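input.cif follows (mmCIF, C-alpha atoms):
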data_query
loop_
_atom_site.label_atom_id
_atom_site.label_comp_id
_atom_site.auth_asym_id
_atom_site.auth_seq_id
_atom_site.Cartn_x
_atom_site.Cartn_y
_atom_site.Cartn_z
CA MET A 13 21.41 9.01 1.32
CA SER A 14 19.84 10.70 4.37
CA ARG A 15 18.01 13.85 3.38
CA LYS A 16 18.09 17.02 5.30
CA TYR A 17 14.92 17.85 7.18
CA PHE A 18 14.24 20.47 9.78
CA TYR A 19 15.06 17.96 12.54
CA THR A 20 18.01 16.17 10.94
CA HIS A 21 20.56 17.79 13.25
CA ILE A 22 19.02 16.29 16.39
CA ILE A 23 18.40 12.74 15.18
CA ASP A 24 21.01 10.08 14.70
CA THR A 25 20.05 6.97 12.76
CA SER A 26 23.60 5.72 12.34
CA THR A 27 23.05 2.80 14.72
CA LEU A 28 20.38 1.48 12.38
CA SER A 29 22.36 1.94 9.19
CA LEU A 30 25.42 0.41 10.85
CA GLU A 31 23.40 -2.58 11.88
CA LEU A 32 22.08 -2.96 8.33
CA GLY A 33 25.66 -2.64 7.14
CA GLY A 34 26.54 -5.72 9.13
CA MET A 35 23.83 -7.78 7.44
CA ASP A 36 23.94 -9.79 4.29
CA LEU A 37 22.35 -7.16 2.04
CA THR A 38 23.26 -5.80 -1.36
CA PRO A 39 24.04 -2.04 -1.45
CA ARG A 40 20.76 -1.46 -3.27
CA GLU A 41 18.76 -3.33 -0.64
CA ARG A 42 20.53 -1.49 2.19
CA LEU A 43 19.85 1.84 0.53
CA HIS A 44 16.17 1.01 0.15
CA LEU A 45 15.84 -0.03 3.80
CA ILE A 46 17.55 3.17 4.93
CA SER A 47 15.07 5.19 2.88
CA LEU A 48 12.22 3.34 4.59
CA ILE A 49 13.73 4.16 8.00
CA ASP A 50 13.96 7.80 6.94
CA SER A 51 10.39 7.90 5.79
CA ASN A 52 8.99 6.14 8.87
CA ILE A 53 10.76 8.59 11.17
CA HIS A 54 9.70 11.53 9.03
CA HIS A 55 6.03 10.64 9.21
CA GLU A 56 6.09 9.93 12.95
CA ILE A 57 7.63 13.33 13.54
CA LEU A 58 5.10 15.03 11.30
CA ASP A 59 2.32 13.37 13.27
CA LEU A 60 3.89 14.60 16.50
CA ILE A 61 4.19 18.18 15.24
CA LEU A 62 0.72 18.34 13.69
CA SER A 63 -0.81 16.92 16.87
CA GLU A 64 0.65 19.82 18.85
CA LEU A 65 -0.56 22.62 16.56
CA ASN A 66 -3.90 24.36 16.13
CA PRO A 67 -5.54 24.30 12.66
CA GLU A 68 -4.10 27.64 11.53
CA ASP A 69 -0.60 26.80 12.75
CA LYS A 70 -0.84 23.45 10.97
CA LYS A 71 -1.33 25.27 7.67
CA THR A 72 1.60 27.57 8.37
CA PHE A 73 3.78 24.61 9.27
CA LEU A 74 2.80 22.68 6.13
CA THR A 75 3.44 25.74 3.98
CA HIS A 76 6.92 26.16 5.46
CA LEU A 77 7.53 22.44 5.09
CA THR A 78 6.69 22.37 1.40
CA SER A 79 8.85 25.44 0.82
CA GLY A 80 11.83 23.36 1.91
CA ASN A 81 13.12 26.12 4.20
CA HIS A 82 14.26 23.97 7.12
CA ASP A 83 15.50 26.86 9.24
CA LYS A 84 12.13 28.54 9.01
CA VAL A 85 10.33 25.33 9.95
CA TRP A 86 12.66 24.75 12.89
CA LYS A 87 12.17 28.31 14.18
CA PHE A 88 8.40 28.02 13.80
CA VAL A 89 8.02 24.73 15.66
CA ASN A 90 10.29 25.98 18.45
CA GLU A 91 8.08 29.02 18.89
CA LYS A 92 4.85 27.04 18.89
CA ILE A 93 5.69 23.81 20.71
CA LYS A 94 7.17 23.58 24.17
CA ASP A 95 10.31 21.41 24.31
CA VAL A 96 9.85 20.38 20.68
CA GLU A 97 13.43 19.15 20.53
CA GLY A 98 12.91 16.75 23.44
CA LYS A 99 9.63 15.53 21.99
CA ILE A 100 11.13 14.89 18.54
CA LYS A 101 14.08 13.08 20.07
CA LYS A 102 11.80 10.86 22.14
CA THR A 103 9.55 10.05 19.16
CA ALA A 104 12.56 9.13 17.06
CA GLU A 105 14.18 7.08 19.83
CA ASP A 106 10.97 5.11 20.45
CA LEU A 107 10.67 4.30 16.77
CA LYS A 108 14.36 3.42 16.47
CA LYS A 109 13.91 0.89 19.28
CA GLU A 110 11.07 -0.73 17.34
CA LEU A 111 13.12 -0.80 14.14
CA HIS A 112 16.06 -2.36 15.98
CA LYS A 113 13.67 -5.03 17.23
CA ASP A 114 12.55 -5.66 13.64
CA ILE A 115 16.16 -6.10 12.56
CA LYS A 116 16.76 -8.51 15.42
CA MET A 117 13.68 -10.48 14.42
CA ALA A 118 14.74 -10.56 10.77
CA ARG A 119 18.14 -11.91 11.78
CA GLY A 120 16.41 -14.55 13.86
CA ASN A 121 14.45 -15.63 10.80
CA LYS A 122 17.55 -16.40 8.81
CA MET B 29 19.72 -15.68 2.31
CA THR B 30 19.92 -11.98 1.44
CA GLN B 31 16.39 -12.01 0.08
CA SER B 32 15.00 -13.26 3.35
CA HIS B 33 16.50 -10.45 5.46
CA TYR B 34 15.71 -7.78 2.94
CA SER B 35 12.16 -8.82 2.11
CA HIS B 36 11.32 -9.35 5.77
CA LEU B 37 12.42 -5.84 6.73
CA ARG B 38 11.10 -4.22 3.56
CA ASP B 39 7.60 -5.66 4.03
CA ARG B 40 7.53 -4.86 7.71
CA TRP B 41 8.72 -1.30 7.31
CA ARG B 42 6.48 -0.61 4.35
CA ALA B 43 3.51 -1.81 6.39
CA ARG B 44 4.60 0.28 9.34
CA HIS B 45 4.94 3.25 7.05
CA GLN B 46 1.44 2.83 5.70
CA ASP B 47 0.12 2.49 9.20
CA ILE B 48 1.68 5.81 10.17
CA GLN B 49 0.30 7.39 7.02
CA ARG B 50 -3.17 6.11 7.78
CA LYS B 51 -2.88 7.60 11.26
CA LEU B 52 -1.69 10.91 9.82
CA TRP B 53 -4.59 11.19 7.40
CA SER B 54 -7.06 10.07 9.99
CA LYS B 55 -5.91 12.65 12.55
CA HIS B 56 -4.95 15.52 10.29
CA GLY B 57 -6.97 14.87 7.14
CA GLU B 58 -8.38 18.39 7.01
CA SER B 59 -4.98 20.08 7.03
CA LEU B 60 -3.46 17.57 4.61
CA GLY B 61 -6.46 17.94 2.32
CA TRP B 62 -5.91 21.68 2.40
CA LEU B 63 -2.26 21.11 1.50
CA SER B 64 -3.12 18.81 -1.37
CA ASN B 65 -5.60 21.35 -2.74
CA ASN B 66 -2.92 24.02 -2.65
CA TYR B 67 -0.07 21.71 -3.53
CA LYS B 68 0.73 23.12 -6.95
CA GLN B 69 0.93 26.63 -5.57
CA LEU B 70 3.01 25.66 -2.57
CA VAL B 71 5.45 23.06 -3.74
CA SER B 72 8.91 24.03 -4.77
CA GLY B 73 10.58 20.69 -4.84
CA SER B 74 10.53 19.87 -1.14
CA LEU B 75 10.98 16.18 -0.57
CA GLY B 76 9.53 16.55 2.91
CA GLY B 77 6.26 17.89 1.52
CA LEU B 78 6.16 15.36 -1.27
CA MET B 79 6.70 12.46 1.10
CA LEU B 80 4.07 13.81 3.43
CA LEU B 81 1.39 13.71 0.79
CA THR B 82 2.21 10.52 -1.02
CA GLY B 83 4.23 8.36 1.30
CA GLN B 84 6.63 8.24 -1.62
CA VAL B 85 9.74 6.48 -0.46
CA SER B 86 12.86 6.56 -2.55
CA SER B 87 13.09 3.90 -5.19
CA PRO B 88 15.17 0.82 -4.48
CA PHE B 89 16.71 1.42 -7.89
CA PRO B 90 19.50 3.98 -7.62
CA SER B 91 19.37 4.71 -11.33
CA LEU B 92 16.08 6.50 -10.79
CA SER B 93 17.64 9.73 -9.67
CA ILE B 94 15.23 12.13 -8.02
CA THR B 95 16.63 15.04 -10.00
CA ARG B 96 16.24 13.36 -13.33
CA ALA B 97 12.81 12.00 -12.54
CA GLN B 98 11.49 15.07 -10.81
CA ALA B 99 9.22 16.52 -13.49
CA PRO B 100 7.30 13.33 -14.34
CA LEU B 101 7.35 12.35 -10.69
CA VAL B 102 5.54 15.51 -9.67
CA GLN B 103 2.89 15.03 -12.35
CA LYS B 104 2.38 11.43 -11.29
CA VAL B 105 2.38 12.32 -7.62
CA ASP B 106 -0.28 14.99 -8.13
CA LYS B 107 -2.78 12.42 -9.32
CA LYS B 108 -2.11 10.06 -6.43
CA VAL B 109 -2.25 12.88 -3.94
CA PHE B 110 -5.71 13.87 -5.08
CA LEU B 111 -6.95 10.30 -5.07
CA ILE B 112 -5.61 9.58 -1.57
CA SER B 113 -7.04 12.85 -0.33
CA ASP B 114 -10.45 12.28 -1.95
CA LEU B 115 -10.71 8.76 -0.55
CA ALA B 116 -9.65 9.88 2.93
CA LYS B 117 -12.52 12.34 3.01
CA VAL B 118 -15.07 9.56 2.50
CA LEU B 119 -13.57 6.52 4.21
CA PRO B 120 -14.38 5.94 7.88
CA GLU B 121 -11.68 6.20 10.51
CA ASN B 122 -11.95 2.50 11.31
CA VAL B 123 -12.15 -0.29 8.76
CA ARG B 124 -15.82 -1.33 8.55
CA SER B 125 -18.45 -2.09 5.92
CA LEU B 126 -19.29 0.99 3.88
CA ASP B 127 -22.86 2.18 3.70
CA VAL B 128 -24.62 2.72 0.36
CA VAL B 129 -23.82 6.43 0.20
CA GLU B 130 -20.14 5.86 0.97
CA GLU B 131 -19.96 3.09 -1.63
CA ARG B 132 -21.47 5.35 -4.26
CA LYS B 133 -19.03 8.16 -3.48
CA ILE B 134 -16.05 5.80 -3.50
CA SER B 135 -17.09 4.11 -6.76
CA ASP B 136 -17.45 7.56 -8.36
CA ILE B 137 -13.98 8.58 -7.19
CA LEU B 138 -12.38 5.35 -8.39
CA SER B 139 -14.22 5.32 -11.73
CA LYS B 140 -13.04 8.84 -12.41
CA ALA B 141 -9.48 8.21 -11.26
CA TYR B 142 -8.87 5.01 -13.24
CA GLY B 143 -11.10 5.71 -16.22
CA ILE B 144 -13.15 2.53 -15.84
CA LYS B 145 -16.62 2.04 -14.42
CA VAL B 146 -16.56 0.34 -11.02
CA VAL B 147 -19.58 -0.53 -8.92
CA PRO B 148 -20.30 -2.23 -5.59
CA GLU B 149 -23.17 -4.19 -7.12
CA LEU B 150 -23.36 -5.75 -10.56
CA GLU B 151 -26.23 -7.66 -12.15
CA GLY B 152 -28.04 -7.56 -8.82
CA LYS B 153 -25.17 -9.25 -7.00
CA ARG B 154 -22.85 -7.87 -4.37
CA LEU B 155 -20.26 -9.17 -1.97
CA ASN B 156 -20.65 -8.87 1.79
CA ARG B 157 -18.46 -5.75 1.73
CA SER B 158 -16.34 -3.51 -0.47
CA TYR B 159 -13.77 -2.27 2.05
CA GLY B 160 -11.84 -4.65 4.25
CA PHE B 161 -8.57 -6.14 5.40
CA ILE B 162 -6.63 -8.09 2.82
CA GLY B 163 -4.55 -11.13 3.72
CA ALA B 164 -1.85 -12.93 1.77
CA GLU B 165 -2.74 -15.97 -0.32
CA GLN B 166 -0.35 -18.47 -1.87
CA HIS B 167 0.21 -19.32 -5.52
CA LEU B 168 -2.40 -21.60 -7.09
CA ALA B 169 -1.64 -24.55 -9.34
CA ARG B 170 -2.63 -23.50 -12.86
CA TYR B 171 -2.70 -26.98 -14.42
CA PRO B 172 -2.15 -30.55 -13.23
CA GLY B 173 1.51 -30.87 -12.31
CA ASP B 174 2.18 -27.13 -11.87
CA THR B 175 4.59 -26.68 -8.95
CA LEU B 176 6.84 -23.92 -7.67
CA SER B 177 9.58 -25.13 -9.98
CA THR B 178 7.36 -24.67 -13.06
CA HIS B 179 5.40 -21.68 -11.88
CA PHE B 180 7.56 -18.67 -12.73
CA ASP B 181 8.33 -17.09 -16.09
CA SER B 182 11.53 -15.34 -14.98
CA GLN B 183 14.29 -15.60 -12.40
CA GLU B 184 13.19 -12.27 -11.02
CA ASP B 185 9.66 -13.54 -10.38
CA ARG B 186 11.07 -16.71 -8.88
CA LYS B 187 13.25 -14.70 -6.52
CA SER B 188 10.43 -12.37 -5.51
CA TYR B 189 7.57 -14.82 -5.12
CA TRP B 190 8.96 -18.31 -4.47
CA GLN B 191 8.76 -17.88 -0.73
CA SER B 192 4.98 -17.36 -0.80
CA GLY B 193 4.60 -21.06 -1.54
CA MET B 194 1.93 -23.02 -3.37
CA ALA B 195 -1.53 -23.63 -1.92
CA GLN B 196 -2.23 -27.28 -1.24
CA GLY B 197 -5.70 -27.13 -2.72
CA LEU B 198 -6.92 -25.70 -6.01
CA GLY B 199 -8.73 -22.42 -6.56
CA ALA B 200 -12.52 -22.42 -6.23
CA TRP B 201 -12.92 -23.16 -9.94
CA GLY B 202 -10.16 -25.76 -10.19
CA TYR B 203 -7.24 -25.50 -12.57
CA PHE B 204 -6.91 -22.48 -14.86
CA ALA B 205 -5.96 -24.71 -17.80
CA SER B 206 -5.99 -28.40 -18.57
CA ASN B 207 -2.26 -28.62 -19.36
CA SER B 208 0.96 -26.61 -19.40
CA SER B 209 0.08 -24.83 -22.65
CA LEU B 210 -1.02 -21.70 -20.84
CA THR B 211 -2.34 -18.57 -22.50
CA TRP B 212 -1.37 -15.15 -21.12
CA LEU B 213 -4.90 -14.89 -19.78
CA ASP B 214 -4.52 -18.16 -17.85
CA LYS B 215 -1.27 -16.91 -16.37
CA ASP B 216 -2.68 -13.50 -15.48
CA ARG B 217 -5.77 -15.01 -13.90
CA GLU B 218 -3.57 -16.82 -11.42
CA LYS B 219 -1.05 -14.03 -11.03
CA TYR B 220 -3.65 -11.39 -10.18
CA TYR B 221 -6.25 -13.44 -8.36
CA ILE B 222 -8.14 -12.58 -5.22
CA ALA B 223 -10.11 -14.77 -2.85
CA VAL B 224 -13.34 -13.15 -1.66
CA GLN B 225 -16.01 -14.21 0.78
CA THR B 226 -18.46 -15.35 -1.88
CA PHE B 227 -20.16 -17.55 0.70
CA LEU B 228 -21.24 -14.49 2.67
CA SER B 229 -23.19 -13.03 -0.26
CA LYS B 230 -26.90 -12.59 0.40
CA ASP B 231 -28.89 -15.80 -0.32
CA PHE B 232 -25.69 -17.54 -1.43
CA ASN B 233 -26.92 -21.05 -0.67
CA SER B 234 -30.24 -20.69 -2.44
CA ARG B 235 -28.65 -18.98 -5.46
CA PHE B 236 -25.47 -21.07 -5.47
CA ALA B 237 -25.25 -21.88 -9.21
CA GLU B 238 -26.04 -18.30 -10.18
CA TYR B 239 -23.36 -16.91 -7.85
CA ARG B 240 -20.80 -19.57 -8.81
CA ASP B 241 -21.03 -18.61 -12.47
CA PHE B 242 -21.12 -14.90 -11.76
CA TYR B 243 -18.04 -14.85 -9.52
CA LYS B 244 -15.86 -17.07 -11.68
CA TYR B 245 -12.89 -14.89 -12.79
CA ARG B 246 -15.05 -11.81 -12.24
CA LYS B 247 -12.88 -8.68 -12.54
CA MET B 248 -12.56 -6.37 -9.56
CA LEU B 249 -10.59 -3.22 -8.97
CA VAL B 250 -8.55 -3.58 -5.78
CA VAL B 251 -7.13 -0.32 -4.40
CA ASN B 252 -4.84 0.47 -1.51
CA PRO B 253 -6.37 3.77 -0.33
CA ASN B 254 -3.20 4.73 1.50
CA ASN B 255 -0.91 4.82 -1.50
CA GLY B 256 -3.28 4.96 -4.51
CA ARG B 257 -1.93 1.74 -6.00
CA ALA B 258 -4.52 -0.39 -7.77
CA VAL B 259 -4.79 -3.71 -9.55
CA VAL B 260 -7.38 -5.17 -11.89
CA ALA B 261 -7.84 -8.55 -10.23
CA ASP B 262 -10.04 -11.56 -10.86
CA ILE B 263 -11.90 -13.73 -8.38
CA ALA B 264 -10.40 -17.22 -8.45
CA ASP B 265 -10.96 -18.47 -4.94
CA ALA B 266 -13.30 -18.22 -1.96
CA GLY B 267 -12.11 -17.09 1.45
CA PRO B 268 -10.84 -16.18 3.94
CA GLY B 269 -12.91 -17.59 6.79
CA GLU B 270 -14.82 -15.13 8.95
CA SER B 271 -12.80 -15.99 12.05
CA THR B 272 -9.54 -14.74 10.51
CA GLY B 273 -10.48 -11.07 10.85
CA LYS B 274 -9.60 -10.64 7.18
CA HIS B 275 -12.12 -10.00 4.43
CA LEU B 276 -10.33 -11.03 1.26
CA GLY B 277 -7.04 -12.49 0.14
CA GLY B 278 -4.60 -11.38 -2.54
CA SER B 279 -2.12 -13.34 -4.63
CA PRO B 280 1.56 -12.81 -3.77
CA GLU B 281 1.90 -10.53 -6.81
CA ILE B 282 -1.08 -8.41 -5.77
CA MET B 283 0.12 -8.05 -2.18
CA HIS B 284 3.54 -7.03 -3.40
CA TYR B 285 2.22 -4.44 -5.83
CA LEU B 286 -0.26 -2.95 -3.38
CA GLU B 287 2.40 -2.95 -0.66
CA ARG B 288 0.16 -4.81 1.71
CA VAL B 289 1.25 -7.50 4.17
CA ASP B 290 -0.48 -10.08 6.29
CA GLY B 291 -0.41 -10.41 10.08
CA PHE B 292 -0.83 -7.73 12.69
CA LEU B 293 0.31 -5.05 10.24
CA LYS B 294 -2.39 -5.98 7.76
CA GLY B 295 -4.12 -3.09 6.03
CA PRO B 296 -7.37 -2.40 4.19
CA VAL B 297 -8.20 -2.22 0.51
CA LEU B 298 -11.22 -1.17 -1.51
CA TYR B 299 -12.63 -3.77 -3.90
CA PHE B 300 -15.31 -3.00 -6.45
CA PHE B 301 -16.69 -4.86 -9.47
CA ILE B 302 -15.50 -3.65 -12.84
CA TYR B 303 -18.16 -3.11 -15.48
CA ASP B 304 -16.47 -4.61 -18.53
CA PRO B 305 -19.17 -6.14 -20.78
CA ASP B 306 -16.79 -6.44 -23.74
CA ASP B 307 -14.01 -7.97 -21.63
CA LYS B 308 -11.50 -5.36 -22.76
CA ILE B 309 -9.86 -4.42 -19.49
CA LYS B 310 -6.56 -6.19 -18.89
CA LEU B 311 -5.69 -7.85 -15.60
CA GLY B 312 -2.78 -6.44 -13.60
CA PRO B 313 -1.62 -3.10 -12.17
CA ILE B 314 -3.54 -0.07 -13.42
CA GLU B 315 -2.39 3.54 -13.37
CA ILE B 316 -4.43 6.63 -12.58
CA LYS B 317 -5.57 8.36 -15.78
#
If you took the structure in this file and wrote it as structure tokens, what would it be?
Amino acid sequence: MSRKYFYTHIIDTSTLSLELGGMDLTPRERLHLISLIDSNIHHEILDLILSELNPEDKKTFLTHLTSGNHDKVWKFVNEKIKDVEGKIKKTAEDLKKELHKDIKMARGNK
Amino acid sequence: MTQSHYSHLRDRWRARHQDIQRKLWSKHGESLGWLSNNYKQLVSGSLGGLMLLTGQVSSPFPSLSITRAQAPLVQKVDKKVFLISDLAKVLPENVRSLDVVEERKISDILSKAYGIKVVPELEGKRLNRSYGFIGAEQHLARYPGDTLSTHFDSQEDRKSYWQSGMAQGLGAWGYFASNSSLTWLDKDREKYYIAVQTFLSKDFNSRFAEYRDFYKYRKMLVVNPNNGRAVVADIADAGPGESTGKHLGGSPEIMHYLERVDGFLKGPVLYFFIYDPDDKIKLGPIEIK
């Protein structure tokens, strides 16, 4: 169900989906939760990228993003943002930790 | 208890998602507004771009395939995108009372978007605010003897809303009906009710009877400015207390539809009176025209 984004190749969310797989969820529920994980990560990364760009570069980035050309987006952000890969990885890892905590809490509520 | 795990995570992650979106619009509103204004020219089916503008998360129903639903989805998304963008331009960064100019701009935007006239003040009466944090209320007993076991019309509703529980007391105006022979209006009045801080209205104590009659089942448009979802609600209770940090409360059905949750992930809504002198506007979710 995971969609391909410009950063998909450097982010691994399998630990989260595996953990959901071990819970008492219907396939439909699991799928919906995975899409929420996807979307949360996506928006955090967009915030990270936009925060690092100047107004003109933001427009260029958004234009590339809506075109769906992931290679072009990836090339652009690498040119404009220092260590963008490390920053995206850290943003995603921080959020994943929070989401794992949420899962732990949900299990505790059972 | 599948429902418990799922609903807990779903609500939490939806709220988190809206929080991130709010942050995005607050920090990068100018660029996103530019994107939304040029959306039709730019978009070529990118899910990344679509999600960015709407917060649209894939449906929990697999039968709604993105490919099949793409054309109507884009049309529908366009309208929400513009509404979210328009509201973001007027709303303050932090949740606070709106001033008169902001209220006028917002009521114009909402009236245009939903095709109904909404106003912050009606018949010389206004609430203490029109933009604030919404908290979760419980179900209200609709008639003497109404309990959780008699409250729901379908198994689906029971499954979705049972866990919200039943309030111990009655709504501010008592039961919705005298017995179990409920009309659809009685049912909808409970299903889509809000509790507002009536007691904080100007001169409330000296104009008590006037306010009591005015607020009873008064229709309001409640809008989540972060996702463009809106409900025609009615006032059926007073609250929450000032010390809670919340400004109004929504029935379980309203909270679910607006994708709002209580607690530290609580989010704001806009709430304006609906001008409906002929009582023609139906309670419940309302779509952008």
(request) Run the PyMOL selection byres ((chain A and resi 25-29) around 12) against the file shown and list the residues it catches, as a PyMOL selection string. (result) chain A and resi 13-15+20-24+30-35+37+39+41-54+101+104-105+107-116
Neighbours of point (5.0, 23.9, 19.9) within 12 Å, using only C-alpha atoms, written as a PDB file with C-alpha atoms, in the coordinates of the input:
ATOM      1  CA  LEU A  60       3.890  14.600  16.500  1.00  0.00           C
ATOM      2  CA  ILE A  61       4.190  18.180  15.240  1.00  0.00           C
ATOM      3  CA  LEU A  62       0.720  18.340  13.690  1.00  0.00           C
ATOM      4  CA  SER A  63      -0.810  16.920  16.870  1.00  0.00           C
ATOM      5  CA  GLU A  64       0.650  19.820  18.850  1.00  0.00           C
ATOM      6  CA  LEU A  65      -0.560  22.620  16.560  1.00  0.00           C
ATOM      7  CA  ASN A  66      -3.900  24.360  16.130  1.00  0.00           C
ATOM      8  CA  ASP A  69      -0.600  26.800  12.750  1.00  0.00           C
ATOM      9  CA  LYS A  70      -0.840  23.450  10.970  1.00  0.00           C
ATOM     10  CA  PHE A  73       3.780  24.610   9.270  1.00  0.00           C
ATOM     11  CA  VAL A  85      10.330  25.330   9.950  1.00  0.00           C
ATOM     12  CA  TRP A  86      12.660  24.750  12.890  1.00  0.00           C
ATOM     13  CA  LYS A  87      12.170  28.310  14.180  1.00  0.00           C
ATOM     14  CA  PHE A  88       8.400  28.020  13.800  1.00  0.00           C
ATOM     15  CA  VAL A  89       8.020  24.730  15.660  1.00  0.00           C
ATOM     16  CA  ASN A  90      10.290  25.980  18.450  1.00  0.00           C
ATOM     17  CA  GLU A  91       8.080  29.020  18.890  1.00  0.00           C
ATOM     18  CA  LYS A  92       4.850  27.040  18.890  1.00  0.00           C
ATOM     19  CA  ILE A  93       5.690  23.810  20.710  1.00  0.00           C
ATOM     20  CA  LYS A  94       7.170  23.580  24.170  1.00  0.00           C
ATOM     21  CA  ASP A  95      10.310  21.410  24.310  1.00  0.00           C
ATOM     22  CA  VAL A  96       9.850  20.380  20.680  1.00  0.00           C
ATOM     23  CA  GLU A  97      13.430  19.150  20.530  1.00  0.00           C
ATOM     24  CA  GLY A  98      12.910  16.750  23.440  1.00  0.00           C
ATOM     25  CA  LYS A  99       9.630  15.530  21.990  1.00  0.00           C
ATOM     26  CA  ILE A 100      11.130  14.890  18.540  1.00  0.00           C
TER      27      ILE A 100
END
(message) To test your reading of the syntax: which residues would the PyMOL selection byres ((chain B and resi 42-45) around 8) return for the file shown? Reply as an MDAnalysis selection string.
(response) (chainID A and resid 48 51:52 55) or (chainID B and resid 38:41 46:49 83 287:289 293:295)
(request) Step by step, work through what the PyMOL selection byres ((chain A) within 6 of (chain B)) selects in the shown file, and finish by giving those residues as an MDAnalysis selection string. (result) chainID A and resid 36:37 44 52 59 77:80 118
(message) I'd like the interatomic distance between CA of Lys71 (chain A) and CA of Asn252 (chain B), to a tenth of an Å.
(response)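 CA of Asn252 (chain B) lies at a distance of 26.7 Å from CA of Lys71 (chain A).
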